[in-house]
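Input: a single structure, listed below in structure tokens.
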Amino acid sequence: MLRDFISLIFPRNCLNCEQSLISEEHYLCTACKIDLPLTNDYSNPSNQLYQKFAFEPKIKSATSFLYFQRKGITQKLLHELKYKEKKELGILLGAWFAPSLQGINIDIVIPVPLHKSKFRKRTYNQSELIAKGISENFNLEIRKDVIRREVATQSQTKKSKANRWINMENVYSKSTCDLSGHSVLVVDDVITTGATVGMLCQRLVESNVKEIHIACLARGK
């Protein structure tokens, strides 16, 4: 009753269609949640995302949850998460994503880190929030100490695929952790060319990781 009363004063609306939400709905109305552009990558081990990382034998799977399309529902969700401080939304999206990762053998979860300058500006890491939603579903440990981002790169948006990979070279520090025998899940919010995650995975390989699985909330078609 209290929640319903508060909703009368501070109405909650769907982030996509802006219709009022009922008490059991969070961020999206039921109709918009049903219409989420799911990739169903989990059903195809050789999906389009995995093909970006097939060069590295230790990368055993790559799964995305949603398709990204400009002005689409996924972009709206990511905008609210990254720029409107909707931290709970990141955790919720991770929880929605988690069932797609069933059956993967994972020991630890590693969110793609932000450079300290960007972290100070934003005050949180959106990939870490998504990772939290996933890890809570599997009762797994999140490790933020494995890899550090040492270089604050320029925006990748207008760079070619080749230049994106060059731009990410030496961005991440070599891990001081021995990950021998560990299976890790790397979590990111959006993957386009795969340069960011690809360079991070190279550092994990140098740490003797047993195998790597990649999970990103969204990717292009």
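Ligands are numbered from 1 in the order shown, residues from 1 within each chain, and chains are lettered A, B, ... in the order they appear in the structure tokens.
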Near-Gln19 of chain A list (8 Å; only C-alpha atoms; drop same-chain fewer than 3 positions) as a ChimeraX atom specification:
/A:13-14,29
Write out as a Markdown table a residue-level contact list of segment 54-130 of chain A versus segment 208-216 of chain A with cut-off 6 Å: for each qualifying residue the closest pair of atoms and the distance in Å to one decimal, counting only C-alpha atoms, rows sorted by chain and residue number upward.
| residue | atom | partner | partner_atom | distance |
| --- | --- | --- | --- | --- |
| A:Lys58 | CA | A:Glu211 | CA | 4.8 |
| A:Ile59 | CA | A:Ile212 | CA | 4.6 |
| A:Lys60 | CA | A:His213 | CA | 5.7 |
| A:Ser61 | CA | A:His213 | CA | 4.9 |
| A:Ala62 | CA | A:Ile214 | CA | 4.4 |
| A:Thr63 | CA | A:Ala215 | CA | 4.9 |
| A:Ser64 | CA | A:Cys216 | CA | 4.7 |
Non-local contacts of segment 132-143 of chain A (12 Å; only C-alpha atoms; under 2 positions in same chain excluded) as a ChimeraX atom specification:
/A:65,87-113,125-130,145-148,175,177,179,183-188,215-217
Which of A:Asn47, A:Asn40, A:Asn170, A:Asn16 sits closest to Leu77 of chain A [using only C-alpha atoms]
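The answer is A:Asn16, which sits nearest to Leu77 of chain A.
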In Å and to one decimal, atom CA of Thr39 of chain A is distant from atom CA of Thr196 of chain A by 20.6 Å
Could you give me the residues within segment 20-80 of chain A that DSSP places in helix (DSSP H, G or I), as a compact mmCIF listing (two decimals) with N, CA and C atoms, in the first residue's frame?
# COMPACT_ATOMS: atom_id res chain seq x y z
N THR A 30 5.34 -4.68 -18.78
CA THR A 30 5.38 -6.08 -19.21
C THR A 30 5.43 -6.20 -20.72
N ALA A 31 4.68 -5.36 -21.43
CA ALA A 31 4.66 -5.42 -22.90
C ALA A 31 6.04 -5.11 -23.48
N CYS A 32 6.71 -4.08 -22.95
CA CYS A 32 8.03 -3.71 -23.47
C CYS A 32 9.08 -4.74 -23.09
N LYS A 33 8.93 -5.36 -21.91
CA LYS A 33 9.88 -6.40 -21.54
C LYS A 33 9.75 -7.60 -22.48
N ILE A 34 8.53 -7.93 -22.84
CA ILE A 34 8.31 -9.02 -23.80
C ILE A 34 8.92 -8.69 -25.15
N ASP A 41 21.76 -15.69 -28.28
CA ASP A 41 23.11 -16.19 -28.57
C ASP A 41 23.40 -17.51 -27.87
N TYR A 42 22.82 -17.70 -26.69
CA TYR A 42 23.11 -18.90 -25.90
C TYR A 42 22.74 -20.17 -26.64
N SER A 43 21.81 -20.06 -27.57
CA SER A 43 21.35 -21.26 -28.30
C SER A 43 22.24 -21.60 -29.49
N GLN A 48 27.40 -14.86 -33.82
CA GLN A 48 28.15 -13.75 -34.42
C GLN A 48 29.14 -13.13 -33.43
N LEU A 49 28.76 -13.02 -32.17
CA LEU A 49 29.66 -12.44 -31.17
C LEU A 49 30.87 -13.33 -30.96
N TYR A 50 30.65 -14.63 -30.83
CA TYR A 50 31.77 -15.56 -30.61
C TYR A 50 32.78 -15.50 -31.74
N GLN A 51 32.31 -15.29 -32.96
CA GLN A 51 33.20 -15.25 -34.12
C GLN A 51 34.25 -14.13 -34.00
N ILE A 73 14.99 0.28 -27.83
CA ILE A 73 14.78 0.07 -26.41
C ILE A 73 16.09 -0.21 -25.67
N THR A 74 17.00 -0.94 -26.31
CA THR A 74 18.28 -1.25 -25.65
C THR A 74 19.09 0.02 -25.43
N GLN A 75 19.13 0.90 -26.40
CA GLN A 75 19.86 2.16 -26.24
C GLN A 75 19.27 2.99 -25.10
N LYS A 76 17.96 2.99 -24.97
CA LYS A 76 17.31 3.74 -23.89
C LYS A 76 17.72 3.17 -22.53
N LEU A 77 17.74 1.85 -22.42
CA LEU A 77 18.12 1.23 -21.16
C LEU A 77 19.57 1.57 -20.81
N LEU A 78 20.46 1.46 -21.80
CA LEU A 78 21.87 1.74 -21.55
C LEU A 78 22.11 3.21 -21.21
N HIS A 79 21.36 4.09 -21.83
CA HIS A 79 21.50 5.53 -21.52
C HIS A 79 21.11 5.80 -20.08
N GLU A 80 20.02 5.21 -19.64
CA GLU A 80 19.59 5.40 -18.25
C GLU A 80 20.61 4.82 -17.28
As a PDB file with all heavy atoms, in the first residue's frame, which residues of segment 20-123 of chain A does DSSP assign to strand (DSSP E or B)?
ATOM      1  N   SER A  20       2.534   4.145 -17.328  1.00  0.00           N
ATOM      2  CA  SER A  20       2.686   3.951 -15.891  1.00  0.00           C
ATOM      3  C   SER A  20       2.949   2.483 -15.582  1.00  0.00           C
ATOM      4  O   SER A  20       2.348   1.592 -16.200  1.00  0.00           O
ATOM      5  CB  SER A  20       1.429   4.416 -15.153  1.00  0.00           C
ATOM      6  OG  SER A  20       1.227   5.796 -15.328  1.00  0.00           O
ATOM      7  N   HIS A  26       9.260  -3.199 -13.074  1.00  0.00           N
ATOM      8  CA  HIS A  26      10.434  -2.396 -12.748  1.00  0.00           C
ATOM      9  C   HIS A  26      11.101  -1.915 -14.030  1.00  0.00           C
ATOM     10  O   HIS A  26      11.566  -2.724 -14.831  1.00  0.00           O
ATOM     11  CB  HIS A  26      11.425  -3.207 -11.911  1.00  0.00           C
ATOM     12  CG  HIS A  26      10.851  -3.722 -10.633  1.00  0.00           C
ATOM     13  ND1 HIS A  26      10.662  -2.936  -9.520  1.00  0.00           N
ATOM     14  CD2 HIS A  26      10.386  -4.960 -10.303  1.00  0.00           C
ATOM     15  CE1 HIS A  26      10.139  -3.648  -8.553  1.00  0.00           C
ATOM     16  NE2 HIS A  26       9.945  -4.889  -9.004  1.00  0.00           N
ATOM     17  N   LEU A  28      10.608  -1.341 -16.946  1.00  0.00           N
ATOM     18  CA  LEU A  28       9.883  -1.609 -18.178  1.00  0.00           C
ATOM     19  C   LEU A  28       8.510  -2.191 -17.857  1.00  0.00           C
ATOM     20  O   LEU A  28       8.367  -2.986 -16.917  1.00  0.00           O
ATOM     21  CB  LEU A  28      10.636  -2.600 -19.061  1.00  0.00           C
ATOM     22  CG  LEU A  28      11.963  -2.164 -19.681  1.00  0.00           C
ATOM     23  CD1 LEU A  28      12.557  -3.329 -20.467  1.00  0.00           C
ATOM     24  CD2 LEU A  28      11.814  -0.940 -20.561  1.00  0.00           C
ATOM     25  N   LEU A  38      15.901  -9.773 -27.953  1.00  0.00           N
ATOM     26  CA  LEU A  38      16.808 -10.814 -27.469  1.00  0.00           C
ATOM     27  C   LEU A  38      17.629 -11.396 -28.616  1.00  0.00           C
ATOM     28  O   LEU A  38      17.100 -11.655 -29.701  1.00  0.00           O
ATOM     29  CB  LEU A  38      16.011 -11.927 -26.789  1.00  0.00           C
ATOM     30  CG  LEU A  38      15.095 -11.515 -25.634  1.00  0.00           C
ATOM     31  CD1 LEU A  38      14.323 -12.737 -25.123  1.00  0.00           C
ATOM     32  CD2 LEU A  38      15.887 -10.879 -24.506  1.00  0.00           C
ATOM     33  N   ILE A  59      39.159 -18.695 -25.232  1.00  0.00           N
ATOM     34  CA  ILE A  59      37.810 -18.114 -25.190  1.00  0.00           C
ATOM     35  C   ILE A  59      36.837 -19.184 -25.672  1.00  0.00           C
ATOM     36  O   ILE A  59      36.804 -19.536 -26.847  1.00  0.00           O
ATOM     37  CB  ILE A  59      37.719 -16.845 -26.051  1.00  0.00           C
ATOM     38  CG1 ILE A  59      38.658 -15.767 -25.496  1.00  0.00           C
ATOM     39  CG2 ILE A  59      36.274 -16.329 -26.086  1.00  0.00           C
ATOM     40  CD1 ILE A  59      38.663 -14.481 -26.305  1.00  0.00           C
ATOM     41  N   LYS A  60      36.073 -19.715 -24.745  1.00  0.00           N
ATOM     42  CA  LYS A  60      35.218 -20.868 -25.036  1.00  0.00           C
ATOM     43  C   LYS A  60      33.798 -20.487 -25.437  1.00  0.00           C
ATOM     44  O   LYS A  60      33.105 -21.279 -26.093  1.00  0.00           O
ATOM     45  CB  LYS A  60      35.166 -21.794 -23.821  1.00  0.00           C
ATOM     46  CG  LYS A  60      36.532 -22.325 -23.390  1.00  0.00           C
ATOM     47  CD  LYS A  60      37.195 -23.122 -24.486  1.00  0.00           C
ATOM     48  CE  LYS A  60      38.525 -23.727 -24.028  1.00  0.00           C
ATOM     49  NZ  LYS A  60      39.191 -24.467 -25.124  1.00  0.00           N
ATOM     50  N   SER A  61      33.332 -19.315 -25.027  1.00  0.00           N
ATOM     51  CA  SER A  61      31.987 -18.894 -25.406  1.00  0.00           C
ATOM     52  C   SER A  61      31.877 -17.383 -25.313  1.00  0.00           C
ATOM     53  O   SER A  61      32.645 -16.732 -24.600  1.00  0.00           O
ATOM     54  CB  SER A  61      30.921 -19.545 -24.502  1.00  0.00           C
ATOM     55  OG  SER A  61      30.946 -18.974 -23.204  1.00  0.00           O
ATOM     56  N   ALA A  62      30.928 -16.844 -26.063  1.00  0.00           N
ATOM     57  CA  ALA A  62      30.621 -15.416 -26.008  1.00  0.00           C
ATOM     58  C   ALA A  62      29.121 -15.272 -26.213  1.00  0.00           C
ATOM     59  O   ALA A  62      28.564 -15.776 -27.200  1.00  0.00           O
ATOM     60  CB  ALA A  62      31.392 -14.644 -27.069  1.00  0.00           C
ATOM     61  N   THR A  63      28.469 -14.603 -25.290  1.00  0.00           N
ATOM     62  CA  THR A  63      27.008 -14.494 -25.309  1.00  0.00           C
ATOM     63  C   THR A  63      26.592 -13.054 -25.048  1.00  0.00           C
ATOM     64  O   THR A  63      27.096 -12.422 -24.128  1.00  0.00           O
ATOM     65  CB  THR A  63      26.376 -15.394 -24.227  1.00  0.00           C
ATOM     66  OG1 THR A  63      26.832 -16.733 -24.394  1.00  0.00           O
ATOM     67  CG2 THR A  63      24.857 -15.366 -24.313  1.00  0.00           C
ATOM     68  N   SER A  64      25.688 -12.558 -25.854  1.00  0.00           N
ATOM     69  CA  SER A  64      25.077 -11.256 -25.590  1.00  0.00           C
ATOM     70  C   SER A  64      23.600 -11.474 -25.289  1.00  0.00           C
ATOM     71  O   SER A  64      23.020 -12.489 -25.662  1.00  0.00           O
ATOM     72  CB  SER A  64      25.254 -10.307 -26.782  1.00  0.00           C
ATOM     73  OG  SER A  64      24.667 -10.854 -27.936  1.00  0.00           O
ATOM     74  N   PHE A  65      23.021 -10.499 -24.621  1.00  0.00           N
ATOM     75  CA  PHE A  65      21.627 -10.619 -24.196  1.00  0.00           C
ATOM     76  C   PHE A  65      20.683  -9.922 -25.181  1.00  0.00           C
ATOM     77  O   PHE A  65      19.674 -10.478 -25.594  1.00  0.00           O
ATOM     78  CB  PHE A  65      21.477 -10.023 -22.800  1.00  0.00           C
ATOM     79  CG  PHE A  65      20.101 -10.129 -22.205  1.00  0.00           C
ATOM     80  CD1 PHE A  65      19.383 -11.304 -22.264  1.00  0.00           C
ATOM     81  CD2 PHE A  65      19.529  -9.034 -21.572  1.00  0.00           C
ATOM     82  CE1 PHE A  65      18.112 -11.402 -21.706  1.00  0.00           C
ATOM     83  CE2 PHE A  65      18.269  -9.118 -21.002  1.00  0.00           C
ATOM     84  CZ  PHE A  65      17.556 -10.294 -21.075  1.00  0.00           C
ATOM     85  N   LEU A  66      21.030  -8.679 -25.586  1.00  0.00           N
ATOM     86  CA  LEU A  66      20.144  -7.863 -26.406  1.00  0.00           C
ATOM     87  C   LEU A  66      20.854  -7.357 -27.654  1.00  0.00           C
ATOM     88  O   LEU A  66      22.062  -7.146 -27.653  1.00  0.00           O
ATOM     89  CB  LEU A  66      19.650  -6.649 -25.607  1.00  0.00           C
ATOM     90  CG  LEU A  66      18.914  -6.915 -24.299  1.00  0.00           C
ATOM     91  CD1 LEU A  66      18.667  -5.601 -23.570  1.00  0.00           C
ATOM     92  CD2 LEU A  66      17.600  -7.639 -24.556  1.00  0.00           C
ATOM     93  N   TYR A  67      20.071  -7.130 -28.699  1.00  0.00           N
ATOM     94  CA  TYR A  67      20.569  -6.408 -29.858  1.00  0.00           C
ATOM     95  C   TYR A  67      20.521  -4.914 -29.554  1.00  0.00           C
ATOM     96  O   TYR A  67      19.589  -4.422 -28.912  1.00  0.00           O
ATOM     97  CB  TYR A  67      19.705  -6.677 -31.088  1.00  0.00           C
ATOM     98  CG  TYR A  67      19.905  -8.030 -31.709  1.00  0.00           C
ATOM     99  CD1 TYR A  67      18.863  -8.949 -31.772  1.00  0.00           C
ATOM    100  CD2 TYR A  67      21.130  -8.387 -32.265  1.00  0.00           C
ATOM    101  CE1 TYR A  67      19.032 -10.191 -32.365  1.00  0.00           C
ATOM    102  CE2 TYR A  67      21.313  -9.630 -32.859  1.00  0.00           C
ATOM    103  CZ  TYR A  67      20.257 -10.518 -32.897  1.00  0.00           C
ATOM    104  OH  TYR A  67      20.432 -11.742 -33.477  1.00  0.00           O
ATOM    105  N   ILE A 108      34.923 -17.296 -11.381  1.00  0.00           N
ATOM    106  CA  ILE A 108      34.899 -15.898 -10.961  1.00  0.00           C
ATOM    107  C   ILE A 108      34.359 -15.027 -12.092  1.00  0.00           C
ATOM    108  O   ILE A 108      34.396 -15.409 -13.266  1.00  0.00           O
ATOM    109  CB  ILE A 108      36.291 -15.382 -10.542  1.00  0.00           C
ATOM    110  CG1 ILE A 108      37.305 -15.527 -11.677  1.00  0.00           C
ATOM    111  CG2 ILE A 108      36.770 -16.078  -9.291  1.00  0.00           C
ATOM    112  CD1 ILE A 108      38.662 -14.930 -11.356  1.00  0.00           C
ATOM    113  N   VAL A 109      33.846 -13.860 -11.706  1.00  0.00           N
ATOM    114  CA  VAL A 109      33.296 -12.898 -12.658  1.00  0.00           C
ATOM    115  C   VAL A 109      34.176 -11.653 -12.665  1.00  0.00           C
ATOM    116  O   VAL A 109      34.511 -11.114 -11.613  1.00  0.00           O
ATOM    117  CB  VAL A 109      31.848 -12.516 -12.288  1.00  0.00           C
ATOM    118  CG1 VAL A 109      31.290 -11.503 -13.273  1.00  0.00           C
ATOM    119  CG2 VAL A 109      30.963 -13.760 -12.236  1.00  0.00           C
ATOM    120  N   ILE A 110      34.560 -11.199 -13.866  1.00  0.00           N
ATOM    121  CA  ILE A 110      35.436 -10.036 -13.994  1.00  0.00           C
ATOM    122  C   ILE A 110      34.740  -8.987 -14.864  1.00  0.00           C
ATOM    123  O   ILE A 110      34.605  -9.168 -16.081  1.00  0.00           O
ATOM    124  CB  ILE A 110      36.788 -10.411 -14.631  1.00  0.00           C
ATOM    125  CG1 ILE A 110      37.501 -11.453 -13.771  1.00  0.00           C
ATOM    126  CG2 ILE A 110      37.659  -9.170 -14.823  1.00  0.00           C
ATOM    127  CD1 ILE A 110      38.796 -11.972 -14.376  1.00  0.00           C
ATOM    128  N   PRO A 111      34.262  -7.884 -14.276  1.00  0.00           N
ATOM    129  CA  PRO A 111      33.694  -6.809 -15.087  1.00  0.00           C
ATOM    130  C   PRO A 111      34.796  -6.030 -15.795  1.00  0.00           C
ATOM    131  O   PRO A 111      35.889  -5.848 -15.251  1.00  0.00           O
ATOM    132  CB  PRO A 111      32.974  -5.929 -14.062  1.00  0.00           C
ATOM    133  CG  PRO A 111      33.667  -6.197 -12.769  1.00  0.00           C
ATOM    134  CD  PRO A 111      34.189  -7.609 -12.842  1.00  0.00           C
TER     135      PRO A 111
END
